[in-house]
file query.csv (CSV, C-alpha atoms)
chain,number,residue,atom,x,y,z
A,168,MET,CA,25.4,2.6,-2.6
A,169,ALA,CA,25.5,1.9,1.2
A,170,ALA,CA,29.0,1.7,2.7
A,171,ALA,CA,30.0,-1.1,5.0
A,172,GLY,CA,31.6,1.3,7.5
A,173,PRO,CA,32.8,4.9,7.9
A,174,GLU,CA,35.6,6.1,5.8
A,175,ALA,CA,37.9,9.0,6.8
A,176,VAL,CA,38.6,11.8,4.4
A,177,LYS,CA,41.2,14.5,4.8
A,178,LYS,CA,40.1,18.1,5.3
A,179,GLU,CA,42.2,21.0,4.2
A,180,ASP,CA,43.6,21.6,7.8
A,181,GLY,CA,44.8,18.0,7.8
A,182,GLU,CA,42.2,16.7,10.2
A,183,GLU,CA,40.2,13.6,9.3
A,184,GLU,CA,36.5,13.9,8.9
A,185,GLN,CA,34.2,10.9,9.1
A,186,GLU,CA,32.3,10.1,6.0
A,187,GLN,CA,28.6,9.6,6.6
A,188,VAL,CA,27.3,6.0,6.5
A,189,VAL,CA,23.6,5.4,5.9
A,190,ASN,CA,22.3,1.8,5.5
A,191,PRO,CA,19.5,-0.2,7.1
A,192,TRP,CA,21.6,-1.1,10.1
A,193,GLU,CA,23.8,2.0,10.7
A,194,VAL,CA,23.4,5.7,10.4
A,195,SER,CA,26.4,7.9,11.3
A,196,ALA,CA,27.6,11.3,10.2
A,197,GLY,CA,30.0,14.0,11.0
A,198,LYS,CA,29.3,17.1,13.2
A,199,GLY,CA,27.1,18.7,10.5
A,200,GLY,CA,24.6,15.8,10.6
A,201,VAL,CA,23.4,13.8,7.6
A,202,ASP,CA,23.9,15.5,4.3
A,203,TYR,CA,20.6,14.7,2.6
A,204,ASP,CA,21.5,16.4,-0.7
A,205,LYS,CA,24.6,14.1,-0.9
A,206,LEU,CA,22.4,11.1,0.0
A,207,VAL,CA,19.9,11.8,-2.7
A,208,ASP,CA,22.8,11.9,-5.3
A,209,GLN,CA,24.4,8.9,-3.8
A,210,PHE,CA,21.3,6.7,-3.8
A,211,GLY,CA,20.0,8.1,-7.1
A,212,CYS,CA,16.5,9.0,-5.9
A,213,GLN,CA,14.6,12.3,-6.7
A,214,ARG,CA,13.8,15.3,-4.6
A,215,LEU,CA,10.1,15.7,-3.6
A,216,ASP,CA,9.3,19.2,-4.8
A,217,ALA,CA,6.5,21.6,-4.1
A,218,ALA,CA,4.8,20.7,-7.4
A,219,LEU,CA,4.4,17.1,-6.3
A,220,VAL,CA,3.1,18.2,-2.9
A,221,ASP,CA,0.6,20.4,-4.5
A,222,ARG,CA,-0.5,17.6,-6.8
A,223,ILE,CA,-1.1,15.3,-3.9
A,224,ALA,CA,-3.3,17.9,-2.3
A,225,ARG,CA,-5.3,18.4,-5.5
A,226,LEU,CA,-5.8,14.7,-6.2
A,227,THR,CA,-6.8,13.8,-2.6
A,228,GLY,CA,-8.9,17.0,-2.0
A,229,ARG,CA,-7.2,17.5,1.4
A,230,PRO,CA,-4.4,19.6,2.8
A,231,PRO,CA,-1.0,17.9,2.5
A,232,HIS,CA,0.4,16.4,5.7
A,233,ARG,CA,2.8,18.6,7.7
A,234,PHE,CA,5.5,16.1,6.9
A,235,LEU,CA,5.0,17.0,3.2
A,236,ARG,CA,4.5,20.7,3.8
A,237,ARG,CA,7.8,20.9,5.8
A,238,GLY,CA,9.9,18.7,3.6
A,239,LEU,CA,10.3,15.9,6.2
A,240,PHE,CA,9.4,13.4,3.5
A,241,PHE,CA,11.7,14.8,1.0
A,242,ALA,CA,12.7,12.2,-1.6
A,243,HIS,CA,11.0,9.7,-3.8
A,244,ARG,CA,11.3,7.1,-6.5
A,245,ASP,CA,8.6,7.3,-9.2
A,246,LEU,CA,6.0,8.9,-7.0
A,247,ASN,CA,4.8,10.8,-10.1
A,248,GLU,CA,3.9,7.4,-11.7
A,249,ILE,CA,1.7,6.5,-8.7
A,250,LEU,CA,-0.1,9.9,-9.0
A,251,ASP,CA,-0.5,9.4,-12.7
A,252,LEU,CA,-2.3,6.1,-12.4
A,253,TYR,CA,-4.4,7.4,-9.5
A,254,GLU,CA,-5.5,10.3,-11.6
A,255,ARG,CA,-6.6,7.8,-14.3
A,256,GLY,CA,-8.8,6.0,-11.7
A,257,GLU,CA,-6.4,3.1,-11.3
A,258,LYS,CA,-5.4,1.5,-8.0
A,259,PHE,CA,-2.3,1.0,-5.9
A,260,TYR,CA,-1.4,-0.3,-2.4
A,261,LEU,CA,0.9,0.8,0.4
A,262,TYR,CA,3.6,-1.2,2.1
A,263,THR,CA,5.6,-0.3,5.1
A,264,GLY,CA,7.1,-2.1,8.1
A,265,ARG,CA,8.8,-2.3,11.4
A,266,GLY,CA,11.7,-4.3,12.8
A,267,PRO,CA,10.5,-5.2,16.3
A,268,SER,CA,13.6,-5.0,18.5
A,269,SER,CA,12.1,-3.2,21.6
A,270,GLU,CA,9.0,-3.5,23.8
A,271,ALA,CA,7.8,0.0,23.0
A,272,LEU,CA,8.1,2.4,20.0
A,273,HIS,CA,9.9,5.7,20.3
A,274,LEU,CA,8.6,8.8,18.4
A,275,GLY,CA,11.0,8.2,15.5
A,276,HIS,CA,9.3,4.8,15.0
A,277,LEU,CA,5.9,6.5,14.9
A,278,VAL,CA,6.8,8.9,12.0
A,279,PRO,CA,6.4,6.5,9.1
A,280,PHE,CA,3.2,5.1,10.6
A,281,MET,CA,1.7,8.5,11.1
A,282,PHE,CA,2.4,9.4,7.5
A,283,THR,CA,1.2,6.0,6.2
A,284,LYS,CA,-2.1,6.5,7.9
A,285,TYR,CA,-2.4,9.9,6.2
A,286,LEU,CA,-1.7,8.2,2.8
A,287,GLN,CA,-4.2,5.4,3.5
A,288,ASP,CA,-6.9,7.9,4.5
A,289,ALA,CA,-6.2,10.3,1.7
A,290,PHE,CA,-6.0,7.8,-1.2
A,291,LYS,CA,-8.3,5.2,0.3
A,292,VAL,CA,-6.1,2.3,-0.5
A,293,PRO,CA,-5.1,-1.0,1.1
A,294,LEU,CA,-1.9,-1.4,3.2
A,295,VAL,CA,0.4,-4.3,4.2
A,296,ILE,CA,2.6,-3.9,7.2
A,297,GLN,CA,5.5,-6.2,7.6
A,298,LEU,CA,7.0,-7.0,11.1
A,299,THR,CA,10.5,-8.3,10.4
A,300,ASP,CA,10.8,-10.5,13.6
A,301,ASP,CA,13.2,-12.7,11.6
A,302,GLU,CA,15.5,-9.8,10.8
A,303,LYS,CA,15.7,-8.9,14.5
A,304,PHE,CA,16.5,-12.5,15.4
A,305,LEU,CA,19.3,-12.4,12.8
A,306,TRP,CA,20.8,-9.0,13.8
A,307,LYS,CA,20.0,-8.7,17.6
A,308,ASN,CA,20.7,-11.0,20.5
A,309,LEU,CA,17.1,-12.2,20.7
A,310,THR,CA,15.5,-15.6,20.7
A,311,VAL,CA,12.9,-16.5,18.1
A,312,GLU,CA,10.2,-16.5,20.8
A,313,GLU,CA,11.2,-13.1,22.1
A,314,SER,CA,11.3,-11.7,18.5
A,315,LYS,CA,7.8,-13.0,17.9
A,316,ARG,CA,6.5,-11.6,21.2
A,317,LEU,CA,7.9,-8.1,20.4
A,318,ALA,CA,6.3,-8.2,17.0
A,319,ARG,CA,2.9,-8.7,18.5
A,320,GLU,CA,3.5,-6.0,21.1
A,321,ASN,CA,4.6,-3.6,18.4
A,322,ALA,CA,1.6,-4.5,16.4
A,323,LYS,CA,-0.6,-3.0,19.2
A,324,ASP,CA,1.2,0.3,18.9
A,325,ILE,CA,0.9,0.3,15.1
A,326,ILE,CA,-2.9,-0.5,15.4
A,327,ALA,CA,-3.2,2.4,17.9
A,328,CYS,CA,-2.1,4.8,15.1
A,329,GLY,CA,-5.7,4.4,13.7
A,330,PHE,CA,-5.3,2.2,10.6
A,331,ASP,CA,-8.5,1.0,8.9
A,332,ILE,CA,-9.1,-2.6,9.7
A,333,GLU,CA,-10.9,-3.1,6.4
A,334,ARG,CA,-7.9,-1.9,4.4
A,335,THR,CA,-5.0,-3.2,6.5
A,336,PHE,CA,-3.1,-6.5,6.8
A,337,ILE,CA,-0.3,-6.8,9.4
A,338,PHE,CA,2.0,-9.8,9.3
A,339,SER,CA,5.1,-11.1,11.0
A,340,ASP,CA,7.6,-12.9,8.9
A,341,PHE,CA,7.9,-15.9,11.2
A,342,SER,CA,4.2,-16.5,11.0
A,343,PHE,CA,3.4,-15.6,7.4
A,344,VAL,CA,6.4,-16.5,5.1
A,345,GLY,CA,5.7,-19.4,2.8
A,346,GLY,CA,3.6,-20.2,-0.3
A,347,ALA,CA,3.5,-17.4,-2.9
A,348,PHE,CA,5.5,-15.1,-0.6
A,349,TYR,CA,8.4,-17.6,-0.5
A,350,GLU,CA,8.2,-18.2,-4.2
A,351,ASN,CA,8.8,-14.6,-4.8
A,352,MET,CA,11.7,-14.5,-2.3
A,353,VAL,CA,13.6,-17.2,-4.2
A,354,LYS,CA,12.9,-15.5,-7.5
A,355,VAL,CA,14.5,-12.4,-6.1
A,356,ALA,CA,17.4,-14.3,-4.5
A,357,ARG,CA,18.3,-15.9,-7.8
A,358,CYS,CA,18.7,-12.5,-9.4
A,359,VAL,CA,21.1,-11.0,-6.9
A,360,THR,CA,24.7,-12.1,-6.8
A,361,LEU,CA,26.8,-12.1,-3.7
A,362,ASN,CA,28.9,-9.4,-5.1
A,363,LYS,CA,25.8,-7.2,-5.7
A,364,ALA,CA,24.6,-7.8,-2.2
A,365,VAL,CA,27.9,-6.8,-0.7
A,366,ALA,CA,28.0,-3.7,-2.9
A,367,ILE,CA,24.4,-2.7,-1.8
A,368,PHE,CA,24.4,-3.6,1.8
A,369,GLY,CA,28.1,-3.7,2.9
A,370,PHE,CA,28.1,-7.3,4.0
A,371,THR,CA,31.5,-8.7,5.1
A,372,SER,CA,33.0,-12.2,5.3
A,373,GLU,CA,32.3,-12.0,9.1
A,374,ASP,CA,28.5,-11.8,8.5
A,375,HIS,CA,26.6,-15.1,8.8
A,376,ILE,CA,24.6,-16.2,5.8
A,377,GLY,CA,21.3,-15.4,7.5
A,378,LYS,CA,22.0,-11.7,7.1
A,379,VAL,CA,23.0,-12.1,3.5
A,380,SER,CA,19.8,-14.1,2.7
A,381,PHE,CA,17.4,-11.6,4.4
A,382,PRO,CA,17.0,-8.8,1.8
A,383,PRO,CA,14.5,-10.8,-0.4
A,384,VAL,CA,12.2,-11.1,2.6
A,385,GLN,CA,11.9,-7.3,2.8
A,386,ALA,CA,11.7,-7.0,-1.0
A,387,VAL,CA,8.8,-9.1,-1.9
A,388,PRO,CA,5.9,-7.4,-0.1
A,389,SER,CA,6.5,-4.9,-2.9
A,390,PHE,CA,4.9,-7.5,-5.3
A,391,PRO,CA,1.1,-8.0,-5.0
A,392,SER,CA,1.4,-11.7,-5.9
A,393,SER,CA,3.0,-12.2,-2.5
A,394,PHE,CA,-0.5,-11.7,-1.1
A,395,PRO,CA,-2.9,-13.9,-3.1
A,396,HIS,CA,-5.5,-13.6,-0.4
A,397,LEU,CA,-5.6,-9.8,-1.1
A,398,PHE,CA,-4.6,-9.3,-4.7
A,399,GLY,CA,-5.1,-12.7,-6.3
A,400,GLY,CA,-4.9,-12.3,-10.1
A,401,ASN,CA,-3.6,-8.8,-10.0
A,402,SER,CA,0.2,-9.3,-10.2
A,403,GLN,CA,0.8,-5.8,-11.8
A,404,LEU,CA,-0.8,-3.7,-9.1
A,405,ARG,CA,1.6,-0.9,-8.2
A,406,CYS,CA,3.0,-0.4,-4.7
A,407,LEU,CA,4.0,2.8,-2.9
A,408,ILE,CA,6.4,2.4,0.1
A,409,PRO,CA,6.7,5.2,2.8
A,410,CYS,CA,9.9,4.7,4.7
A,411,ALA,CA,13.0,6.4,6.1
A,412,ILE,CA,15.7,6.9,3.6
A,413,ASP,CA,18.0,4.3,5.3
A,414,GLN,CA,15.7,1.6,3.9
A,415,ASP,CA,16.4,2.7,0.3
A,416,PRO,CA,19.1,0.0,-0.3
A,417,TYR,CA,16.5,-2.7,0.0
A,418,PHE,CA,14.3,-1.2,-2.6
A,419,ARG,CA,17.1,-0.2,-5.0
A,420,MET,CA,17.7,-3.9,-5.2
A,421,THR,CA,14.0,-4.7,-5.5
A,422,ARG,CA,13.5,-2.2,-8.3
A,423,ASP,CA,16.5,-3.6,-10.2
A,424,VAL,CA,15.1,-7.2,-9.9
A,425,ALA,CA,11.4,-6.5,-10.5
A,426,PRO,CA,11.3,-6.2,-14.3
A,427,ARG,CA,13.5,-9.3,-14.6
A,428,ILE,CA,10.9,-11.5,-12.8
A,429,GLY,CA,7.8,-9.9,-14.5
A,430,TYR,CA,6.8,-7.4,-11.8
A,431,GLN,CA,6.3,-3.6,-11.6
A,432,LYS,CA,8.9,-1.6,-9.7
A,433,PRO,CA,7.7,-0.3,-6.4
A,434,SER,CA,7.6,3.5,-5.8
A,435,LEU,CA,9.0,5.1,-2.7
A,436,ILE,CA,8.4,8.2,-0.6
A,437,GLU,CA,11.3,8.7,1.8
A,438,SER,CA,11.8,10.7,5.0
A,439,ARG,CA,14.5,12.4,6.9
A,440,PHE,CA,15.7,10.9,10.2
A,441,PHE,CA,14.1,11.8,13.4
A,442,PRO,CA,17.0,13.1,15.5
A,443,ALA,CA,18.1,11.9,18.9
A,444,LEU,CA,17.5,14.3,21.8
A,445,GLN,CA,21.2,14.9,21.9
A,446,GLY,CA,21.4,16.1,18.3
A,447,GLU,CA,21.0,15.4,14.6
A,448,ASN,CA,24.2,13.6,13.7
A,449,THR,CA,22.4,10.2,14.3
A,450,LYS,CA,18.9,8.9,14.4
A,451,MET,CA,17.2,7.9,17.7
A,452,SER,CA,18.3,4.7,19.2
A,453,ALA,CA,16.0,2.2,21.0
A,454,SER,CA,19.1,1.0,22.9
A,455,ASP,CA,19.7,4.4,24.6
A,456,PRO,CA,16.5,5.4,26.6
A,457,ASN,CA,17.8,8.9,27.1
A,458,SER,CA,18.1,9.5,23.4
A,459,ALA,CA,14.4,9.1,22.7
A,460,ILE,CA,10.9,9.9,23.9
A,461,TYR,CA,8.9,6.6,24.1
A,462,VAL,CA,5.2,6.1,23.6
A,463,THR,CA,5.2,4.6,27.1
A,464,ASP,CA,6.8,7.7,28.8
A,465,SER,CA,4.8,9.6,31.4
A,466,GLU,CA,4.3,13.4,31.3
A,467,LYS,CA,7.0,13.7,34.0
A,468,GLU,CA,9.5,11.6,32.0
A,469,ILE,CA,8.8,13.5,28.8
A,470,ARG,CA,9.4,16.9,30.5
A,471,ALA,CA,12.5,15.7,32.3
A,472,LYS,CA,14.0,14.2,29.1
A,473,VAL,CA,13.2,17.4,27.1
A,474,ASN,CA,14.6,19.7,29.7
A,475,LYS,CA,17.7,17.7,30.5
A,476,PHE,CA,18.7,16.0,27.2
A,477,ALA,CA,17.2,18.0,24.3
A,478,PHE,CA,20.2,19.8,22.7
A,479,SER,CA,19.7,23.5,22.6
A,480,GLY,CA,20.8,26.0,20.0
A,481,GLY,CA,20.3,28.8,22.5
A,482,GLN,CA,23.2,30.9,23.9
A,483,ASP,CA,25.0,30.2,27.3
A,484,SER,CA,23.4,33.2,29.1
A,485,VAL,CA,20.1,35.1,28.8
A,486,GLU,CA,22.0,38.3,28.0
A,487,LEU,CA,23.9,36.7,25.2
A,488,HIS,CA,20.8,34.9,23.9
A,489,ARG,CA,18.9,38.2,23.8
A,490,LYS,CA,21.7,39.7,21.8
A,491,LEU,CA,22.5,36.8,19.4
A,492,GLY,CA,19.4,34.6,19.4
A,493,ALA,CA,19.3,30.8,18.9
A,494,ASN,CA,20.9,28.7,16.2
A,495,LEU,CA,17.9,26.9,14.8
A,496,ASP,CA,20.0,24.6,12.6
A,497,VAL,CA,21.2,22.6,15.7
A,498,ASP,CA,18.3,23.1,18.1
A,499,VAL,CA,16.5,19.8,18.8
A,500,PRO,CA,13.3,21.3,20.3
A,501,ILE,CA,12.7,23.2,17.1
A,502,LYS,CA,13.3,20.1,15.0
A,503,TYR,CA,10.8,18.1,17.2
A,504,LEU,CA,8.2,20.9,16.8
A,505,ASN,CA,8.8,20.8,13.1
A,506,PHE,CA,7.7,17.2,13.2
A,507,PHE,CA,4.8,17.4,15.6
A,508,LEU,CA,3.4,21.0,16.0
A,509,GLU,CA,0.5,21.0,13.5
A,510,ASP,CA,-0.1,24.8,13.4
A,511,ASP,CA,2.2,26.3,10.7
A,512,ASP,CA,1.7,29.9,11.9
A,513,GLU,CA,2.5,29.1,15.5
A,514,PHE,CA,5.6,27.2,14.4
A,515,GLU,CA,6.9,30.1,12.3
A,516,HIS,CA,6.2,32.5,15.1
A,517,ILE,CA,8.2,30.4,17.6
A,518,LYS,CA,11.1,30.1,15.1
A,519,LYS,CA,11.2,33.8,14.5
A,520,GLU,CA,11.0,34.8,18.2
A,521,TYR,CA,13.6,32.2,19.2
A,522,LYS,CA,16.0,33.0,16.5
A,523,GLU,CA,15.9,36.7,17.3
A,524,GLY,CA,16.4,36.1,21.0
A,525,ARG,CA,13.0,37.2,22.3
A,526,MET,CA,12.0,33.6,23.2
A,527,LEU,CA,14.2,31.6,25.5
A,528,THR,CA,15.2,27.9,25.4
A,529,GLY,CA,13.1,27.1,28.4
A,530,GLN,CA,10.0,28.5,26.8
A,531,VAL,CA,10.5,26.5,23.6
A,532,LYS,CA,11.2,23.3,25.6
A,533,GLN,CA,8.0,24.0,27.6
A,534,ARG,CA,5.9,24.2,24.4
A,535,LEU,CA,7.5,21.1,23.0
A,536,SER,CA,6.9,19.2,26.3
A,537,THR,CA,3.2,20.1,26.1
A,538,VAL,CA,2.9,19.0,22.4
A,539,LEU,CA,4.7,15.7,23.1
A,540,THR,CA,2.7,15.0,26.2
A,541,GLU,CA,-0.6,15.5,24.5
A,542,MET,CA,0.4,13.3,21.5
A,543,VAL,CA,1.8,10.5,23.7
A,544,SER,CA,-1.2,10.6,25.9
A,545,ARG,CA,-3.5,10.2,22.9
A,546,HIS,CA,-1.4,7.3,21.7
A,547,GLN,CA,-1.5,5.6,25.1
A,548,LYS,CA,-5.3,5.9,25.3
A,549,ALA,CA,-5.6,4.4,21.8
A,550,ARG,CA,-3.3,1.6,22.6
A,551,ALA,CA,-5.2,0.7,25.8
A,552,ARG,CA,-8.2,0.1,23.6
A,553,VAL,CA,-6.4,-2.4,21.4
A,554,THR,CA,-7.4,-5.9,22.4
A,555,GLU,CA,-5.7,-9.2,21.7
A,556,GLU,CA,-8.7,-10.1,19.5
A,557,MET,CA,-8.1,-6.9,17.4
A,558,VAL,CA,-4.5,-7.9,16.9
A,559,ASP,CA,-5.7,-11.4,15.8
A,560,VAL,CA,-8.0,-9.8,13.2
A,561,PHE,CA,-5.4,-7.4,11.8
A,562,MET,CA,-2.9,-10.2,11.5
A,563,ALA,CA,-5.2,-12.8,10.0
A,564,PRO,CA,-4.6,-13.6,6.3
A,565,ARG,CA,-8.0,-12.7,5.0
A,566,PRO,CA,-9.7,-11.0,2.0
A,567,LEU,CA,-10.3,-7.3,2.3
A,568,PRO,CA,-13.4,-6.9,0.1
A,569,ASN,CA,-13.8,-3.1,0.8
A,570,MET,CA,-10.1,-2.3,0.6
A,571,PHE,CA,-10.6,0.0,-2.4
A,572,GLY,CA,-14.0,1.2,-1.3
call {"tool": "encode", "arguments": {"input": "query.csv", "output": "C-alpha cells"}}
result
Amino acid sequence: MAAAGPEAVKKEDGEEEQEQVVNPWEVSAGKGGVDYDKLVDQFGCQRLDAALVDRIARLTGRPPHRFLRRGLFFAHRDLNEILDLYERGEKFYLYTGRGPSSEALHLGHLVPFMFTKYLQDAFKVPLVIQLTDDEKFLWKNLTVEESKRLARENAKDIIACGFDIERTFIFSDFSFVGGAFYENMVKVARCVTLNKAVAIFGFTSEDHIGKVSFPPVQAVPSFPSSFPHLFGGNSQLRCLIPCAIDQDPYFRMTRDVAPRIGYQKPSLIESRFFPALQGENTKMSASDPNSAIYVTDSEKEIRAKVNKFAFSGGQDSVELHRKLGANLDVDVPIKYLNFFLEDDDEFEHIKKEYKEGRMLTGQVKQRLSTVLTEMVSRHQKARARVTEEMVDVFMAPRPLPNMFG
C-alpha cells in the first residue's frame, strides 16, 4: 500500500531513518536506495524469475531483451497467465502510457517504451498508449492547452521508438475520454470508496477532488471494451501492462475492481527505477535537468553531464582505486551501462575490470558517454522523421485490421 509521506523509524543507534515512499507521484528512499524486495512484499506482486524469462524466449523465438536478462524488469502480476493463453494460440494486447509534463523525454522515460516495443515485436500484438494530459493538468502548474501541447510533443518521441503503426493507437485523455471509455470509468469509480482510495494512493484532505477522481482514468485502458473501435465485441481480451513499479497502486485498484464489473484482471510486468545521475536513492526528475540525460541533449551535453554529475563508486585517488577497486553497488555509470549496453560479455568485462581496480572511473564514463551519445543520436534522427501527419494517424481512433497479423 502506498504511503502518503515518509515515516521515520528508529535505528539501533538512535538515529532516525527515512522509510521509503513509492507511489505514482513520489519516490523517495534512504541512503541505500529503494529496497525492491521490500516493495514486492509490500505491493504483493511476484518476482520475475529466470524460468519466466526463459519461457518468454521460447514462446517468442527470440533472445530475451536485456531488461529481462539483467532483472531490470523484475516483478509481475499474472504474467504466467498471459504466457499460458499465448501458448494456447489466444490473443492479448499491451497498454502503457506517459504523463506529459515536459517538452522532451529523459532516458528514464524511454525505458518502458523501449521494452514495450520489444514486447509488441516479439508477441505481434496491438498496443494502446495513454497520454495523461489531464493528470498533469491536475498535478502540475500547467494549463489545459499546455498539457495538450506537451502530449502531442511527447507522442513524437514515443513514435520515434519505432512502434508499428498498424498495431498501435496513441490517445490523449483530453481528446479521447468519452463514450465507452467514460462508461468504464464510472463503473470503476462506483466500486472504490474514498477510504480505499486514501489507503491506496495516500490522498489527504488538502488534495482537490480532481486528484481523487483521476485513478479510474488510468485504470480503464486495461479493459478492451474501452476501445470499441479496436476490440468491439471482445470484452474479455486480456491486457498486459509494462510499467515502472511506482504505477502499481493504480493497477492493484484496477485488479480488485475488474471481476466486480465483469472484466478480466490486467497483468503487469514491472521495472526498477532508472536512477538519477546523482545516485539511486530517487528516480530521475524532469524538473532537475542535471539529474537526467534528455533525448534532446547534444553529444557535448551528454559527455559533460556524465563526467560532472554521474556518481562514481571509484576511489578518491588512482592509487587507492588500483588497490581497492570500485564499489559497483553505488556506481551510476555501471547502472546506466546495465540498462543500455547491449553486449553482455563487454558489460561483464567492464564490471570485473572496474571492480578490481584495473579500469578507472574516467574510462567507464567515457564508454558510457559513447553508448548514450549513439543511442540519443539514433533517437533524434528517428524523431526528426516523425511528421505531424504521422502523429495524426497514430492518434486517430480507427480500426487496426492487421493488429494480430
call {"tool": "atom_distance", "arguments": {"input": "query.csv", "atom1": "CA of Arg214 (chain A)", "atom2": "CA of Arg244 (chain A)"}}
result
8.8 Å
call {"tool": "closest_residue", "arguments": {"input": "query.csv", "among": "A:Thr540, A:Thr463, A:Thr263, A:Ser268", "to": "Phe336 (chain A)", "atoms": "only C-alpha atoms"}}
result
A:Thr263
call {"tool": "residues_around", "arguments": {"input": "query.csv", "residues": "Glu515 (chain A)", "least_positions_apart": "3", "cutoff": "12 Å", "atoms": "all atoms listed in the file", "output": "list in words"}}
result
Arg237, Leu495, Ile501, Leu504, Asn505, Leu508, Glu509, Asp510, Asp511, Asp512, Lys518, Lys519, Glu520, Tyr521 and Lys522 of chain A
call {"tool": "write_last_selection", "arguments": {"input": "query.csv", "atoms": "C-alpha atoms", "output": "tab-separated table (two decimals), keeping the file's coordinate frame"}}
result
chain	number	residue	atom	x	y	z
A	237	ARG	CA	7.80	20.90	5.80
A	495	LEU	CA	17.90	26.90	14.80
A	501	ILE	CA	12.70	23.20	17.10
A	504	LEU	CA	8.20	20.90	16.80
A	505	ASN	CA	8.80	20.80	13.10
A	508	LEU	CA	3.40	21.00	16.00
A	509	GLU	CA	0.50	21.00	13.50
A	510	ASP	CA	-0.10	24.80	13.40
A	511	ASP	CA	2.20	26.30	10.70
A	512	ASP	CA	1.70	29.90	11.90
A	518	LYS	CA	11.10	30.10	15.10
A	519	LYS	CA	11.20	33.80	14.50
A	520	GLU	CA	11.00	34.80	18.20
A	521	TYR	CA	13.60	32.20	19.20
A	522	LYS	CA	16.00	33.00	16.50
call {"tool": "atom_distance", "arguments": {"input": "query.csv", "atom1": "CA of Asp288 (chain A)", "atom2": "CA of Phe330 (chain A)"}}
result
8.5 Å
call {"tool": "residues_around", "arguments": {"input": "query.csv", "residues": "region 476-482 of chain A", "least_positions_apart": "6", "cutoff": "7 Å", "atoms": "all atoms listed in the file", "output": "PyMOL selection string"}}
result
chain A and resi 444-446+488+492-495+497-500+528
call {"tool": "closest_residue", "arguments": {"input": "query.csv", "among": "A:Ser314, A:Leu527, A:Ala425, A:Ala289", "to": "Ser484 (chain A)", "atoms": "only C-alpha atoms"}}
result
A:Leu527
call {"tool": "atom_distance", "arguments": {"input": "query.csv", "atom1": "CA of Leu361 (chain A)", "atom2": "CA of Gly377 (chain A)"}}
result
12.9 Å
